[in-house]
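Next up, input-v7.txt (compact mmCIF, C-alpha atoms):
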```txt
# COMPACT_ATOMS: atom_id res chain seq x y z
CA MET A 26 -118.48 64.65 -36.05
CA LEU A 27 -120.43 66.94 -33.71
CA SER A 28 -121.29 70.63 -33.90
CA VAL A 29 -122.70 72.99 -31.30
CA TRP A 30 -126.35 73.79 -31.98
CA GLU A 31 -126.74 77.45 -31.14
CA GLY A 32 -130.32 78.61 -31.08
CA ARG A 33 -133.25 79.90 -29.06
CA PHE A 34 -134.32 77.00 -26.85
CA GLY A 35 -136.88 76.62 -24.10
CA LEU A 36 -140.39 75.51 -23.16
CA LEU A 37 -143.47 76.29 -25.25
CA GLY A 38 -146.97 76.56 -23.82
CA SER A 39 -149.62 74.59 -25.69
CA GLN A 40 -152.21 77.33 -25.19
CA GLY A 41 -151.46 80.97 -25.90
CA GLY A 42 -148.02 80.26 -27.31
CA GLY A 43 -146.09 81.45 -24.25
CA PHE A 44 -142.37 80.70 -24.66
CA LEU A 45 -139.97 80.37 -21.71
CA PRO A 46 -136.28 80.54 -22.74
CA SER A 47 -133.89 77.89 -21.42
CA SER A 48 -131.85 80.62 -19.71
CA ILE A 49 -134.49 80.82 -16.98
CA VAL A 50 -135.93 77.31 -17.13
CA GLY A 51 -133.33 76.00 -14.66
CA GLY A 52 -134.75 78.17 -11.89
CA ALA A 53 -138.40 77.97 -12.89
CA GLY A 54 -138.55 74.33 -13.98
CA LEU A 55 -142.03 73.59 -15.30
CA ARG A 56 -143.74 76.06 -12.97
CA GLY A 57 -146.13 78.31 -14.81
CA MET A 58 -146.24 76.09 -17.89
CA GLY A 59 -149.18 73.95 -16.73
CA ARG A 60 -152.61 74.20 -18.25
CA VAL A 61 -155.20 76.49 -16.66
CA GLY A 62 -158.38 74.92 -15.36
CA PRO A 63 -161.91 76.03 -16.26
CA ASP A 64 -162.09 78.30 -13.19
CA GLY A 65 -158.84 80.03 -14.02
CA ASP A 66 -156.90 78.16 -11.34
CA GLU A 67 -153.70 76.33 -12.01
CA ASP A 68 -153.88 72.57 -12.31
CA SER A 69 -153.86 70.58 -9.09
CA GLN A 70 -150.84 68.46 -8.25
CA GLU A 71 -152.72 65.39 -9.47
CA GLN A 72 -153.57 67.11 -12.76
CA LYS A 73 -149.99 68.26 -13.21
CA ALA A 74 -148.75 64.73 -12.58
CA GLN A 75 -151.20 63.46 -15.19
CA MET A 76 -150.02 66.13 -17.66
CA GLN A 77 -146.42 65.12 -17.11
CA LYS A 78 -147.35 61.47 -17.64
CA HIS A 79 -148.96 62.33 -20.95
CA THR A 80 -145.87 64.24 -22.08
CA ASP A 81 -143.34 61.65 -20.85
CA THR A 82 -141.00 64.01 -18.98
CA GLY A 83 -142.50 67.48 -19.51
CA ASP A 84 -139.17 68.73 -20.82
CA PHE A 85 -138.21 66.31 -23.60
CA CYS A 86 -135.03 64.51 -22.47
CA GLY A 87 -134.13 67.57 -20.39
CA PHE A 88 -133.66 69.60 -23.58
CA ALA A 89 -134.41 73.04 -22.14
CA GLN A 90 -133.47 72.49 -18.51
CA HIS A 91 -129.98 71.19 -19.20
CA HIS A 92 -129.00 73.63 -21.96
CA ARG A 93 -126.48 76.23 -20.78
CA PRO A 94 -124.48 77.74 -23.67
CA ASP A 95 -121.43 78.55 -21.53
CA THR A 96 -121.20 75.27 -19.62
CA THR A 97 -123.40 72.60 -21.20
CA PRO A 98 -124.01 73.43 -24.88
CA THR A 99 -126.27 71.31 -27.05
CA TYR A 100 -124.64 69.22 -29.78
CA VAL A 101 -125.98 67.68 -32.98
CA ALA A 102 -124.30 65.40 -35.49
CA SER A 103 -122.64 67.31 -38.31
CA GLY A 104 -124.62 67.21 -41.54
CA SER A 105 -127.15 64.64 -40.38
CA ASN A 106 -127.80 62.55 -37.29
CA THR A 107 -127.45 59.40 -39.39
CA ASN A 108 -123.80 60.32 -40.03
CA LEU A 109 -122.67 59.97 -36.41
CA CYS A 110 -122.32 56.20 -35.90
CA PRO A 111 -120.63 55.61 -39.29
CA ALA A 112 -118.23 58.47 -38.53
CA ILE A 113 -117.30 56.99 -35.15
CA CYS A 114 -116.70 53.57 -36.70
CA ALA A 115 -114.64 55.04 -39.53
CA GLN A 116 -112.40 56.90 -37.08
CA ALA A 117 -111.91 53.70 -35.07
CA GLY A 118 -111.24 51.57 -38.16
CA ILE A 119 -114.35 49.44 -37.65
CA ASP A 120 -116.10 47.88 -40.62
CA ILE A 121 -119.88 48.33 -40.63
CA VAL A 122 -122.76 46.68 -42.46
CA SER A 123 -125.87 48.84 -42.73
CA ASP A 124 -129.49 48.07 -43.66
CA ALA A 125 -129.21 44.58 -42.17
CA LEU A 126 -131.02 42.88 -39.29
CA VAL A 127 -129.45 40.54 -36.74
CA VAL A 128 -132.20 38.02 -36.03
CA LYS A 129 -130.21 35.61 -33.85
CA ALA A 130 -126.93 35.34 -31.96
CA SER A 131 -125.66 31.97 -30.75
CA THR A 132 -122.51 30.52 -29.22
CA VAL A 133 -120.44 27.93 -31.06
CA PRO A 134 -118.58 24.90 -29.66
CA GLY A 135 -115.13 25.85 -28.46
CA GLY A 136 -116.08 29.48 -27.83
CA GLY A 137 -117.15 32.42 -29.91
CA TRP A 138 -120.31 33.73 -31.48
CA LYS A 139 -122.18 33.26 -34.73
CA LEU A 140 -124.79 35.68 -36.09
CA GLU A 141 -127.80 35.08 -38.27
CA VAL A 142 -128.27 38.20 -40.37
CA GLU A 143 -130.91 39.16 -42.89
CA GLY A 144 -130.60 42.19 -45.05
CA ASN A 145 -129.52 44.21 -47.94
CA GLY A 146 -128.50 41.48 -50.40
CA ASP A 147 -124.84 42.55 -50.34
CA ASP A 148 -122.02 40.05 -50.06
CA ASP A 149 -121.25 41.55 -46.64
CA VAL A 150 -124.33 39.89 -45.14
CA GLY A 151 -123.30 36.48 -46.43
CA ALA A 152 -119.81 36.99 -45.00
CA LEU A 153 -121.26 37.89 -41.60
CA ASN A 154 -123.32 34.70 -41.51
CA ASN A 155 -120.15 32.67 -42.05
CA THR A 156 -117.93 34.47 -39.52
CA ILE A 157 -117.11 33.37 -35.98
CA PHE A 158 -116.69 36.35 -33.63
CA ASP A 159 -114.59 36.36 -30.46
CA ALA A 160 -117.01 38.49 -28.41
CA LEU A 161 -120.42 40.09 -28.71
CA VAL A 162 -121.71 43.49 -27.58
CA LEU A 163 -125.45 44.05 -27.92
CA ALA A 164 -126.04 47.80 -28.13
CA THR A 165 -129.71 47.96 -29.08
CA HIS A 166 -132.64 50.30 -28.46
CA ASP A 167 -134.68 47.50 -26.89
CA ALA A 168 -133.92 44.26 -25.10
CA SER A 169 -135.52 41.69 -27.43
CA LEU A 170 -132.30 40.41 -29.03
CA ALA A 171 -130.55 40.44 -25.65
CA ALA A 172 -133.39 38.38 -24.15
CA SER A 173 -133.26 35.70 -26.84
CA THR A 174 -129.45 35.58 -26.69
CA VAL A 175 -129.37 35.06 -22.92
CA LYS A 176 -132.09 32.40 -23.24
CA PHE A 177 -129.94 30.59 -25.81
CA ILE A 178 -127.06 30.48 -23.33
CA ALA A 179 -129.42 29.24 -20.59
CA ASN A 180 -130.66 26.41 -22.80
CA ALA A 181 -127.08 25.44 -23.63
CA GLU A 182 -126.30 25.29 -19.92
CA ALA A 183 -129.36 23.09 -19.36
CA GLU A 184 -128.17 20.65 -21.98
CA ALA A 185 -124.77 20.56 -20.29
CA GLY A 186 -126.37 19.64 -16.93
CA ILE A 187 -126.12 21.17 -13.45
CA SER A 188 -122.79 20.83 -11.68
CA GLU A 189 -122.46 19.76 -8.04
CA ALA A 190 -121.08 23.20 -7.19
CA ASP A 191 -124.19 24.89 -8.62
CA ALA A 192 -126.48 22.54 -6.72
CA ALA A 193 -124.62 23.17 -3.47
CA ALA A 194 -124.94 26.94 -3.99
CA GLY A 195 -128.72 26.56 -4.03
CA GLY A 196 -129.22 27.70 -7.62
CA SER A 197 -127.76 26.98 -11.01
CA ILE A 198 -126.22 29.25 -13.60
CA GLN A 199 -129.10 28.17 -15.80
CA ASP A 200 -131.63 29.59 -13.31
CA ARG A 201 -129.83 32.93 -13.10
CA LEU A 202 -129.59 33.16 -16.88
CA ASN A 203 -133.26 32.32 -17.27
CA ASN A 204 -134.20 35.03 -14.77
CA LEU A 205 -132.09 37.57 -16.64
CA GLY A 206 -133.64 36.52 -19.95
CA ASP A 207 -137.15 36.84 -18.48
CA ASP A 208 -136.36 40.31 -17.12
CA LEU A 209 -135.01 41.45 -20.50
CA GLN A 210 -138.07 40.11 -22.32
CA SER A 211 -140.35 41.84 -19.83
CA LEU A 212 -138.63 45.14 -20.63
CA ARG A 213 -139.31 44.59 -24.32
CA ASP A 214 -142.94 43.60 -23.77
CA ASP A 215 -143.94 46.18 -21.15
CA GLY A 216 -141.10 48.63 -20.61
CA ARG A 217 -140.78 50.40 -23.96
CA LEU A 218 -142.79 53.39 -25.15
CA PRO A 219 -143.60 54.16 -28.80
CA LEU A 220 -143.22 57.51 -30.53
CA PHE A 221 -143.87 59.10 -33.89
CA THR A 222 -141.37 61.53 -35.35
CA TRP A 223 -142.87 64.08 -37.72
CA SER A 224 -141.39 66.28 -40.45
CA GLY A 225 -143.04 69.01 -42.50
CA ARG A 226 -142.29 72.10 -44.56
CA PHE A 227 -143.60 75.58 -43.79
CA ASP A 228 -143.27 78.84 -45.69
CA ASN A 229 -139.96 80.44 -44.70
CA ASP A 230 -141.52 83.88 -44.10
CA PHE A 231 -143.92 82.34 -41.59
CA SER A 232 -141.14 80.34 -39.92
CA GLU A 233 -139.07 83.48 -39.37
CA ARG A 234 -141.83 84.83 -37.10
CA ILE A 235 -141.46 81.88 -34.69
CA PRO A 236 -139.50 82.96 -31.56
CA PHE A 237 -137.65 79.67 -31.00
CA ASP A 238 -135.51 77.09 -32.77
CA GLY A 239 -136.12 74.14 -30.45
CA ALA A 240 -138.69 73.75 -27.68
CA SER A 241 -140.24 71.18 -25.39
CA VAL A 242 -144.05 71.41 -25.19
CA PRO A 243 -145.08 70.30 -21.66
CA GLY A 244 -148.80 70.98 -22.09
CA SER A 245 -149.57 69.14 -25.33
CA HIS A 246 -150.90 65.59 -25.31
CA THR A 247 -149.85 65.16 -28.94
CA VAL A 248 -146.44 66.81 -29.45
CA GLN A 249 -143.68 67.00 -26.86
CA PHE A 250 -140.85 68.54 -28.90
CA LEU A 251 -140.48 70.92 -31.87
CA ALA A 252 -137.35 71.97 -33.80
CA ARG A 253 -136.45 74.13 -36.77
CA GLU A 254 -133.99 72.04 -38.79
CA SER A 255 -132.40 75.03 -40.54
CA SER A 256 -131.14 76.30 -37.16
CA LYS A 257 -128.88 73.26 -36.81
CA PRO A 258 -125.31 73.65 -38.10
CA GLY A 259 -124.74 72.18 -41.54
CA ARG A 260 -128.46 71.92 -42.33
CA VAL A 261 -129.12 75.36 -43.91
CA LYS A 262 -127.38 74.71 -47.23
CA GLN A 263 -128.99 71.29 -47.48
CA GLU A 264 -132.44 72.84 -47.01
CA GLN A 265 -131.81 75.66 -49.48
CA ASP A 266 -130.74 73.20 -52.12
CA THR A 267 -133.92 71.15 -51.82
CA THR A 268 -136.68 73.37 -50.44
CA LYS A 269 -136.00 76.88 -51.78
CA GLU A 270 -138.37 79.05 -49.73
CA ASP A 271 -139.60 76.33 -47.37
CA ALA A 272 -138.29 75.67 -43.86
CA ILE A 273 -138.29 72.14 -42.45
CA TRP A 274 -139.67 71.61 -38.94
CA THR A 275 -139.53 68.33 -37.04
CA ALA A 276 -141.56 67.15 -34.06
CA VAL A 277 -141.63 64.25 -31.61
CA SER A 278 -144.99 62.93 -30.43
CA THR A 279 -145.87 61.98 -26.89
CA SER A 280 -145.82 58.27 -26.13
CA ALA A 281 -149.48 58.37 -25.03
CA PHE A 282 -150.54 59.68 -28.44
CA ALA A 283 -148.43 57.10 -30.28
CA ALA A 284 -149.74 54.25 -28.11
CA ASP A 285 -153.33 55.28 -28.81
CA VAL A 286 -152.82 55.39 -32.59
CA LEU A 287 -150.97 52.06 -32.65
CA LYS A 288 -153.58 50.39 -30.43
CA ARG A 289 -156.33 51.35 -32.87
CA LEU A 290 -154.54 50.86 -36.19
CA GLY A 291 -151.53 48.66 -35.42
CA SER A 292 -148.16 48.98 -37.13
CA THR A 293 -149.68 49.93 -40.46
CA ARG A 294 -149.31 52.62 -43.08
CA GLU A 295 -152.69 53.97 -41.98
CA ALA A 296 -151.30 54.52 -38.47
CA SER A 297 -148.42 56.64 -39.77
CA GLU A 298 -150.78 58.59 -42.04
CA GLU A 299 -153.18 59.36 -39.19
CA ALA A 300 -150.30 60.34 -36.91
CA SER A 301 -148.98 62.66 -39.61
CA GLN A 302 -152.37 64.32 -40.07
CA ILE A 303 -153.03 64.88 -36.35
CA MET A 304 -149.47 66.04 -35.62
CA SER A 305 -149.61 68.42 -38.61
CA GLU A 306 -152.69 70.08 -37.14
CA GLU A 307 -151.10 70.33 -33.69
CA VAL A 308 -147.78 71.68 -34.97
CA SER A 309 -149.58 74.22 -37.16
CA THR A 310 -151.60 75.47 -34.18
CA LEU A 311 -148.55 75.61 -31.89
CA LEU A 312 -146.49 77.57 -34.40
CA ALA A 313 -149.33 80.00 -35.16
CA SER A 314 -149.84 80.64 -31.42
CA ALA A 315 -146.12 81.15 -30.93
CA ALA A 316 -145.97 83.62 -33.83
CA SER A 317 -148.93 85.60 -32.40
CA ALA A 318 -147.44 85.70 -28.90
CA ASN A 319 -144.12 86.85 -30.33
CA GLU A 320 -145.77 89.73 -32.21
CA ILE A 321 -147.68 90.84 -29.11
CA GLY A 322 -144.43 90.75 -27.15
CA ALA A 323 -142.89 92.99 -29.77
CA GLY A 324 -145.62 95.58 -29.21
CA LYS A 325 -147.79 94.78 -32.21
CA SER A 326 -151.58 94.69 -32.02
CA ARG A 327 -153.19 91.58 -30.60
CA SER A 328 -154.31 89.31 -33.44
CA GLN A 329 -154.22 85.60 -33.98
CA SER A 330 -151.67 84.60 -36.59
CA PRO A 331 -153.30 82.54 -39.35
CA VAL A 332 -152.67 78.81 -39.11
CA HIS A 333 -150.35 77.70 -41.90
CA GLN A 334 -150.66 74.10 -43.06
CA PRO A 335 -147.40 72.22 -43.73
CA ARG A 336 -146.38 70.89 -47.11
CA ASP A 337 -145.04 67.36 -47.64
CA ALA A 338 -145.61 66.31 -44.04
CA SER A 339 -144.94 62.73 -42.91
CA ALA A 340 -144.59 60.71 -39.71
CA VAL A 341 -142.32 57.76 -38.91
CA ARG A 342 -143.17 55.16 -36.27
CA TRP A 343 -140.69 54.19 -33.53
CA ALA A 344 -142.30 51.21 -31.83
CA SER A 345 -139.69 51.01 -29.06
CA ALA A 346 -138.34 54.50 -28.54
CA LEU A 347 -138.21 55.28 -24.80
CA THR A 348 -137.92 53.17 -21.68
CA SER A 349 -140.48 53.32 -18.88
CA LYS A 350 -138.66 50.86 -16.63
CA THR A 351 -135.19 49.30 -16.43
CA LEU A 352 -133.40 46.27 -15.00
CA GLY A 353 -132.68 48.47 -11.97
CA LEU A 354 -129.00 47.54 -11.72
CA LYS A 355 -126.23 49.53 -10.04
CA GLU A 356 -124.00 49.06 -13.09
CA ASP A 357 -124.40 50.63 -16.52
CA SER A 358 -124.05 47.37 -18.46
CA VAL A 359 -124.52 43.62 -18.11
CA THR A 360 -121.41 41.54 -18.73
CA LEU A 361 -121.33 37.72 -18.92
CA ALA A 362 -117.58 37.13 -18.97
CA PRO A 363 -117.58 33.32 -19.51
CA TRP A 364 -119.33 33.87 -22.83
CA ARG A 365 -117.68 37.20 -23.69
CA LEU A 366 -121.07 38.87 -23.93
CA ALA A 367 -121.98 42.43 -22.96
CA ILE A 368 -125.43 44.04 -23.04
CA CYS A 369 -125.84 47.80 -22.95
CA GLY A 370 -128.63 50.33 -23.31
CA ASP A 371 -130.65 52.91 -21.39
CA PHE A 372 -132.71 50.02 -19.98
CA VAL A 373 -129.92 48.55 -17.80
CA ARG A 374 -129.22 50.89 -14.89
CA GLU A 375 -131.70 51.88 -12.19
CA GLN A 376 -134.26 54.46 -13.32
CA ASP A 377 -133.19 58.12 -13.17
CA ALA A 378 -129.55 57.28 -12.38
CA HIS A 379 -128.59 59.61 -15.23
CA GLU A 380 -129.97 62.98 -16.29
CA THR A 381 -131.19 61.89 -19.73
CA PRO A 382 -131.69 58.64 -21.68
CA PHE A 383 -128.93 59.78 -24.05
CA GLU A 384 -126.46 59.89 -21.16
CA ALA A 385 -127.66 56.52 -19.87
CA ALA A 386 -127.21 54.89 -23.29
CA ALA A 387 -123.79 56.47 -23.92
CA LEU A 388 -122.31 55.55 -20.53
CA SER A 389 -123.75 52.05 -20.79
CA GLY A 390 -122.05 51.54 -24.16
CA LEU A 391 -118.75 52.95 -22.94
CA GLU A 392 -118.74 50.62 -19.93
CA ALA A 393 -119.64 47.60 -22.06
CA GLY A 394 -116.80 48.39 -24.46
CA GLU A 395 -114.29 48.72 -21.63
CA ARG A 396 -115.37 45.44 -20.06
CA VAL A 397 -115.17 43.51 -23.33
CA ALA A 398 -111.75 45.01 -24.01
CA SER A 399 -110.64 43.78 -20.58
CA PHE A 400 -111.45 40.19 -21.59
CA PHE A 401 -108.69 40.31 -24.18
CA ALA A 402 -106.30 42.40 -22.10
CA GLN A 403 -106.38 39.72 -19.39
CA GLN A 404 -105.83 37.05 -22.00
CA GLU A 405 -102.73 38.85 -23.32
```

Written form, structure tokens:
Amino acid sequence: MLSVWEGRFGLLGSQGGGFLPSSIVGGAGLRGMGRVGPDGDEDSQEQKAQMQKHTDTGDFCGFAQHHRPDTTPTYVASGSNTNLCPAICAQAGIDIVSDALVVKASTVPGGGWKLEVEGNGDDDVGALNNTIFDALVLATHDASLAASTVKFIANAEAEAGISEADAAAGGSIQDRLNNLGDDLQSLRDDGRLPLFTWSGRFDNDFSERIPFDGASVPGSHTVQFLARESSKPGRVKQEQDTTKEDAIWTAVSTSAFAADVLKRLGSTREASEEASQIMSEEVSTLLASAASANEIGAGKSRSQSPVHQPRDASAVRWASALTSKTLGLKEDSVTLAPWRLAICGDFVREQDAHETPFEAAALSGLEAGERVASFFAQQE
């Protein structure tokens, strides 16, 4: 299901095209990659902090800093990233329904859960809407469904009334559930950051002059990550079949750039088109600078590589991609045992408890699964 992505990784300067390989990033961090001020001096600490804010983490999800081929290699899903979750479910014997949206989850009298699902028109969606489930795990990229689900439980508790034991304890279960629901909704409203992901084709001869396969871009206010798709295992044949002499590059925007576009244009087609245009210009400039710097490093005469414009470029909006704050808990997941409900995601544990958001999400899901499994183990 996973393959090791072997390539030239590191940090890319947004001006001059300087590339710092991941093999030395661990010792250097982001030093030397900041922008240079008008007087030739390095940015002040305040300016560097502002730069890092604009680029989310400086090194996108620790991509360059944490890559060590001998000890911590970088993995990608085999064939395509969209294959990973279906492959995991298939190996575990879990049925899946894709292209469907869970709009509501509610408890039923006597125990269990019922889902309200909209989607692909298949019979599977109708079957889901008529199924009672024994337990529910919410593994979502934002907390909106978790918030509404917890609020539903709180309202059910309110209708049932407050017990004498709850009153004596100075607070009811309903109050605690409402507080949790409010905190989850706050994360959805204020704690998520948007991104655009970009994809475009460049001439293969030009792409071969680029000295990296994947790089974080700490100094750009528009793009924070660039990758050559053909360098990933299992992607070369797919590209050759469809693009002939073109090479596909992908990029991830900064959240500040995405927030600005969405604030002006909203979640519209025009927003994605503008993001695609601006990111195309930035990626083209970055790659041209990197190609020029690489040629100078190889002893060739100093000349600016011509800027190549991408073909068939497009951008996709992710309205809730990264988390800027969390519930701040000491645990990786939230478990409400009386209702057999678990909530997991990178937004649960205290900020920076894990090295990357990928690790936070994975460990949260693993813990939630173990806790839900324990409900039934105890029952047996």

Distance criterion (only C-alpha atoms): nearest to A:Asp84 out of A:Ser255, A:Asn319, A:Ser345, A:Ser245: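 Under the stated criterion, the closest residue is A:Ser245.
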
I need the residue nearest A:Gly216 from this list: A:Ser39, A:Ser314, A:Thr351, A:Ser358. Use all atoms listed in the file for the distance.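 Going through A:Ser39, A:Ser314, A:Thr351, A:Ser358 one by one, the smallest distance to A:Gly216 is for A:Thr351.
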
Pick out the closest residue to A:Asp207 from this set: A:Arg342, A:His379, A:Lys176, A:His91. Count only C-alpha atoms.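 That would be A:Lys176, the residue with the smallest distance to A:Asp207.
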
Between A:Asp148, A:Asp214, A:Glu356, A:Asp337, which is the closest to A:Thr275 once you count all atoms listed in the file? A:Asp337

Pick from A:Phe400, A:Trp343, A:Phe282, A:Tyr100, whichever lies nearest to A:Pro363 using only C-alpha atoms: A:Phe400

Measuring between only C-alpha atoms, which one of A:Phe250, A:Phe237, A:Phe34, A:Phe177 shows the shortest distance to A:Gln199?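 Result for the nearest residue to A:Gln199: A:Phe177.
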
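Distance-wise, atom CA of A:Gly35 and atom CA of A:Glu375 end up 27.9 Å apart.
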
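Across the model, the gap from atom CA of A:Ala378 to atom CA of A:Leu366 is 23.3 Å.
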
To one decimal place in Å, what is the distance between atom CA of A:Phe221 and atom CA of A:Met304? 9.1 Å

What box, with edges along x, y and z, holds each listed atom of stretch 371-380 of chain A when 3 Å is added on every side, and can you state its centre and edge lengths in Å to one decimal, as lines of an AutoDock Vina configuration file?
```
center_x = -131.4
center_y = 55.8
center_z = -16.8
size_x = 11.7
size_y = 20.4
size_z = 15.2
```

Quick one: residues within 9 Å of A:Gly43, all atoms listed in the file counted, chain neighbours fewer than 5 positions away excluded, as a count of residues only? 8

Tell me which protein, DNA and RNA residues are within 10 Å of A:Asp200, counting all atoms listed in the file, leaving out same-chain ones fewer than 6 positions away, and put them as JSON, numbers by chain. {"A": [179, 182, 183, 191, 206]}

Extract, using all atoms listed in the file, all DNA, RNA and protein residues at most 12 Å from A:Val397, discarding same-chain residues fewer than 4 positions from it, and format them as a PyMOL selection string. chain A and resi 159-163+358-369+390-393+401-404

Tell me which protein, DNA and RNA residues are within 8 Å of A:Arg226, counting all atoms listed in the file, leaving out same-chain ones fewer than 2 positions away, and put them as an MDAnalysis selection string. chainID A and resid 224 228 271:274 335:338

Which residues, written as a ChimeraX atom specification, have at least one atom at most 12 Å from A:Gly146, with all atoms listed in the file counted and residues fewer than 2 positions away on the same chain left out? /A:122-126,142-144,148-153
